Amino acid sequence: MELLRTKREIGVVFLFCVVVFCINIAIEFYKFSDFKDLEFRFLHAYVEQSYQKTNSKNRTYFVSKLKTDDFSFYTTSKFKLTSKRVTLVTVTKKVTFFDYISKSFYMPSFKIQPVLDAPKTEVQTTINSNSQHSQNANLQNTSNLNLSDSKTLQTTQNVNLEMGEQTAKANLNLQNSRDFQTKNSQKIQNSNLQNSPEQTTQTTRTAKTTNTTNTKTKITPTIPFYRQANYTSRTRQIYTADLPPVPLSQRARDYLEQSIRAQHKNEKMGEFYAALFLATPISKALRTDVVNWGVGHLVAISGYHLGLLFGMFYFVLRLSTKPFYDVRPYRNFRFELSLLIFVLLTAYLFVLDFTPSFLRSFVMSIFAFFFLARGLSVFKLSNLLLTIAVSVSFAPHLLFSLGFYLSCLGVYFIFLYVRYFGEKDALKTWWKVALHAICFEIFVFGAMNVPVYFFFHSASLYQMCVIPLGYIFGLFFPVTLVLHAFGFGFLFDEFLLRYIGLAHEQTQIVVPFWAFLAFNAALLFAFKFRFVGILLSVTGMLVFLIPCIFAVL
């Protein structure tokens, strides 16, 4: 049984997705027009990655990937960005609408400044210094007084306390009133008449300091400086207190990343696990190792990880809530625990900042849960198309996401294999299950080679190891996740460092554009004709094996 059974239902859902897509495109175009109003934009951004690169003229520079609230962008600089947060002025002249809507593009910049964590302002510093100054003056005056005259001592202390309060209040109003200077000077002169000569001299010095500070202090603009698009600063240092607060999801992500990296002495291992659990960008060296082993889809968070997380959460929650449901057999514990797990996965999705591949798998898992609850079929092409349509309509930038495309393509071939060889009779014995498990990995691996080598050209026979590693990863991921939760994430570092660098590039495979278009066109017929799907897998395997074998020989 399928969810959309008539053409009318399909048309209504399609029309709904088109309307939502157009609304989101209009919103993005409005944001883009506002962004392009000024040629120079002052932005604050989070540094996701910063690495060195050398151009064809043998000139070295640094490329940095920065993330704002609305998009991510690449920029270049003469130095490496080591701080977690920066402010900069960007040039918006060459940014197109397609760049903006893709949420990832290049944008030149200048005046890059790190954001410091020191939150103290000039007013707070002046108050603290004047308060310290007044306390020192009070101690000095008290030592010169006659100890026998207690009434005089008490009166002097009261006057000094009043002077301290007046000075503090004056400093708090420095930025809002110019007339306060005259009133403050009169109050200080009146109080000096009642004090000793030493107190008068000390108060006069405090008044001069206050007047000097007032002459240097500017009136705060009505619009905060970080909202002013044409703002540039040459002398002022930016602090975290000057910028909007960091979102809760970003703070959680930073905390988890620091916790993961702190458990590893080797920087590559900390980077590996941070990418594995939080989808953080990886360096060129680690990316080379991942590509040479062919485990990019295992490191990049996608539906496989979501399934493992769902299974872990369900196992733990089932054990912890078993006594509760044992005395309440009328409650549907599978449904209730699944809802709780989806709430946890939603929080995890926010921490990952809506990574496209994980977002696709999350939306599809929601649909699969709904289909199972209604007794509908899950492994249907219409379900995958519905997931893609809904995801793209609410997040148009997914149309430009390579991770989203490859993730959907992998699910498509999984559906193909289930459609071709997923009969219940073929899974009755253990050896048939094992045979299908191996054939399934080989089929998907071969079918994905054409699009993978169209975008990534590095090839090696070591990439065949991904077939057994895919099953080993099903145990590796939950074990390492639990180890990191308890502070023992370093246990496998020595073993991984011994083998992660063994794989190396043996050749490069370049798939021409026409072959890539022919591959995507054949996808339309593969779901109906079995031989087309098998042909795609066999062709992809030959595209991989022939160059690699000739390179080794």
# chains A, B, ... in the order shown; residues from 1 in each chain; ligands from 1

call {"tool": "residues_around", "arguments": {"residues": "segment 450-465 of chain A", "least_positions_apart": "3", "cutoff": "10 Å", "atoms": "only C-alpha atoms", "output": "ChimeraX atom specification"}}
result
/A:288,290-295,402,405-406,409,442,445-447,468-470,502-513,515-517,519-520,536-537,539-545,547-549,551-552

call {"tool": "residues_around", "arguments": {"residues": "Ile27 of chain A", "least_positions_apart": "4", "cutoff": "12 Å", "atoms": "only C-alpha atoms", "output": "list in words"}}
result
Val20, Phe21, Cys22, Ile23, Lys31, Phe32, Ser33, Asp34, Phe97, Tyr100, Ile101, Phe394, Ala395 and Pro396 of chain A

call {"tool": "closest_residue", "arguments": {"among": "A:Trp430, A:Tyr273, A:Phe413, A:Phe404", "to": "Ser391 of chain A", "atoms": "only C-alpha atoms"}}
result
A:Phe404

call {"tool": "residues_around", "arguments": {"residues": "Asp493 of chain A", "least_positions_apart": "6", "cutoff": "10 Å", "atoms": "only C-alpha atoms", "output": "list in words"}}
result
His264, Lys265, Asn266, Lys268, Met269 and Gly270 of chain A

call {"tool": "closest_residue", "arguments": {"among": "A:Val390, A:Leu491, A:Val63, A:Leu337", "to": "Ser283 of chain A", "atoms": "only C-alpha atoms"}}
result
A:Val63
